[in-house]
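Student: Sharing work_9.pdb (PDB, C-alpha atoms and all ligand atoms) below.
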ATOM      1  CA  MET Q   7     298.745 139.896 346.072  1.00  0.00           C
ATOM      2  CA  MET Q   8     296.380 139.209 343.262  1.00  0.00           C
ATOM      3  CA  ASP Q   9     292.842 138.579 344.282  1.00  0.00           C
ATOM      4  CA  THR Q  10     291.761 135.484 342.471  1.00  0.00           C
ATOM      5  CA  ARG Q  11     288.240 136.758 342.340  1.00  0.00           C
ATOM      6  CA  PHE Q  12     289.109 138.996 339.485  1.00  0.00           C
ATOM      7  CA  SER Q  13     285.983 138.288 337.547  1.00  0.00           C
ATOM      8  CA  PRO Q  14     282.895 139.992 338.896  1.00  0.00           C
ATOM      9  CA  GLN Q  15     280.584 137.906 340.953  1.00  0.00           C
ATOM     10  CA  ILE Q  16     277.298 137.470 339.235  1.00  0.00           C
ATOM     11  CA  SER Q  17     274.221 136.665 341.184  1.00  0.00           C
ATOM     12  CA  CYS Q  18     271.215 134.915 339.854  1.00  0.00           C
ATOM     13  CA  ALA Q  19     268.391 137.381 339.354  1.00  0.00           C
ATOM     14  CA  LEU Q  20     265.908 134.781 340.476  1.00  0.00           C
ATOM     15  CA  CYS Q  21     267.447 133.123 343.518  1.00  0.00           C
ATOM     16  CA  SER Q  22     270.194 135.629 344.328  1.00  0.00           C
ATOM     17  CA  LYS Q  23     272.788 132.898 344.607  1.00  0.00           C
ATOM     18  CA  PRO Q  24     276.071 133.216 342.755  1.00  0.00           C
ATOM     19  CA  VAL Q  25     276.040 131.997 339.215  1.00  0.00           C
ATOM     20  CA  ASP Q  26     278.865 129.818 338.017  1.00  0.00           C
ATOM     21  CA  LEU Q  27     279.777 131.408 334.756  1.00  0.00           C
ATOM     22  CA  GLN Q  28     281.119 128.187 333.350  1.00  0.00           C
ATOM     23  CA  ALA Q  29     278.274 125.958 334.374  1.00  0.00           C
ATOM     24  CA  ASP Q  30     275.031 127.650 335.191  1.00  0.00           C
ATOM     25  CA  LEU Q  31     275.007 130.873 333.313  1.00  0.00           C
ATOM     26  CA  CYS Q  32     271.861 131.579 331.467  1.00  0.00           C
ATOM     27  CA  ALA Q  33     270.100 134.806 330.656  1.00  0.00           C
ATOM     28  CA  ASP Q  34     266.454 135.580 331.028  1.00  0.00           C
ATOM     29  CA  GLU Q  35     264.377 137.572 328.592  1.00  0.00           C
ATOM     30  CA  ASN Q  36     265.683 140.782 330.107  1.00  0.00           C
ATOM     31  CA  GLY Q  37     269.299 139.798 329.754  1.00  0.00           C
ATOM     32  CA  LYS Q  38     269.776 139.255 333.462  1.00  0.00           C
ATOM     33  CA  SER Q  39     272.057 136.479 334.573  1.00  0.00           C
ATOM     34  CA  VAL Q  40     270.213 133.559 336.007  1.00  0.00           C
ATOM     35  CA  HIS Q  41     270.773 129.869 336.521  1.00  0.00           C
ATOM     36  CA  GLY Q  42     269.454 127.825 333.663  1.00  0.00           C
ATOM     37  CA  ASP Q  43     267.432 125.833 336.131  1.00  0.00           C
ATOM     38  CA  CYS Q  44     266.034 128.929 337.802  1.00  0.00           C
ATOM     39  CA  TYR Q  45     265.094 130.343 334.463  1.00  0.00           C
ATOM     40  CA  PHE Q  46     263.345 127.174 333.534  1.00  0.00           C
ATOM     41  CA  LYS Q  47     261.297 127.287 336.704  1.00  0.00           C
ATOM     42  CA  HIS Q  48     260.698 130.973 336.269  1.00  0.00           C
ATOM     43  CA  VAL Q  49     259.371 130.506 332.786  1.00  0.00           C
ATOM     44  CA  ALA Q  50     257.301 127.534 333.760  1.00  0.00           C
ATOM     45  CA  ARG Q  51     255.736 129.436 336.608  1.00  0.00           C
ATOM     46  CA  ASN Q  52     255.058 132.575 334.669  1.00  0.00           C
ATOM     47  CA  SER Q  53     253.981 131.134 331.409  1.00  0.00           C
ATOM     48  CA  PRO Q  54     250.304 131.651 330.781  1.00  0.00           C
ATOM     49  CA  ALA Q  55     248.052 128.670 330.562  1.00  0.00           C
ATOM     50  CA  ASP Q  56     249.678 128.115 327.251  1.00  0.00           C
ATOM     51  CA  GLN Q  57     251.236 124.842 328.207  1.00  0.00           C
ATOM     52  CA  ARG Q  58     248.102 123.522 329.787  1.00  0.00           C
ATOM     53  CA  ARG Q  59     246.054 123.712 326.664  1.00  0.00           C
ATOM     54  CA  SER Q  60     246.058 119.970 326.409  1.00  0.00           C
ATOM     55  CA  SER Q  61     242.846 119.861 328.364  1.00  0.00           C
TER      56      SER Q  61
HETATM   57 ZN    ZN Q 101     269.289 130.814 340.504  1.00  0.00          ZN
END
Please re-express this file's structure in structure tokens.

Tutor:
Amino acid sequence: MMDTRFSPQISCALCSKPVDLQADLCADENGKSVHGDCYFKHVARNSPADQRRSS
């Protein structure tokens, strides 16, 4: 009868795996749904040498 998957499946914009809305959901700067962990890696990878200024 009722499909339990009523809520839309959201995929991570970074790894394309399903995002658990109640655990992993995070949004990137563009408002796309991503895993918090993926976003963290994404930001870390794309951030300019800003964080390496310590040298
Ligand atoms: Zn992800």

Student: Please return as a list in words every residue within 7 Å of (264.3, 132.3, 342.3), taking into account only C-alpha atoms and the file's own coordinates.

Tutor: Leu20, Cys21 and Cys44 of chain Q

Student: Which residues sit within 8 Å of ligand ZN 101 (chain Q), counting all atoms listed in the file, listed as a list in words?

Tutor: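 Using all atoms listed in the file, I find these residues within 8 Å of ligand ZN 101 (chain Q): Ser17, Cys18, Ala19, Leu20, Cys21, Ser22, Lys23, Pro24, Val25, Val40, His41, Gly42, Asp43, Cys44 and Tyr45 of chain Q.
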
Student: For atom CA of His48 of chain Q and atom CA of Gln15 of chain Q, determine how far apart the two atoms are, in Å to one decimal place.

Tutor: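 That distance, rounded to one decimal, is 21.6 Å.
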
Student: Calculate how many Å separate atom CA of Pro54 of chain Q from atom CA of Cys32 of chain Q, rounding to one decimal.

Tutor: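 One can read the atom CA of Pro54 of chain Q to atom CA of Cys32 of chain Q distance as 21.6 Å.
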
Student: Interatomic distance between atom CA of Asp26 of chain Q and atom CA of Ala50 of chain Q?

Tutor: 22.1 Å

Student: With all atoms of segment 23-26 of chain Q from the file as input, state the centre and edge lengths in Å to one decimal of the axis-aligned box that has 5 Å extra on each side, as AutoDock Vina command-line options.

Tutor:
--center_x 275.8 --center_y 131.5 --center_z 341.3 --size_x 16.1 --size_y 13.4 --size_z 16.6
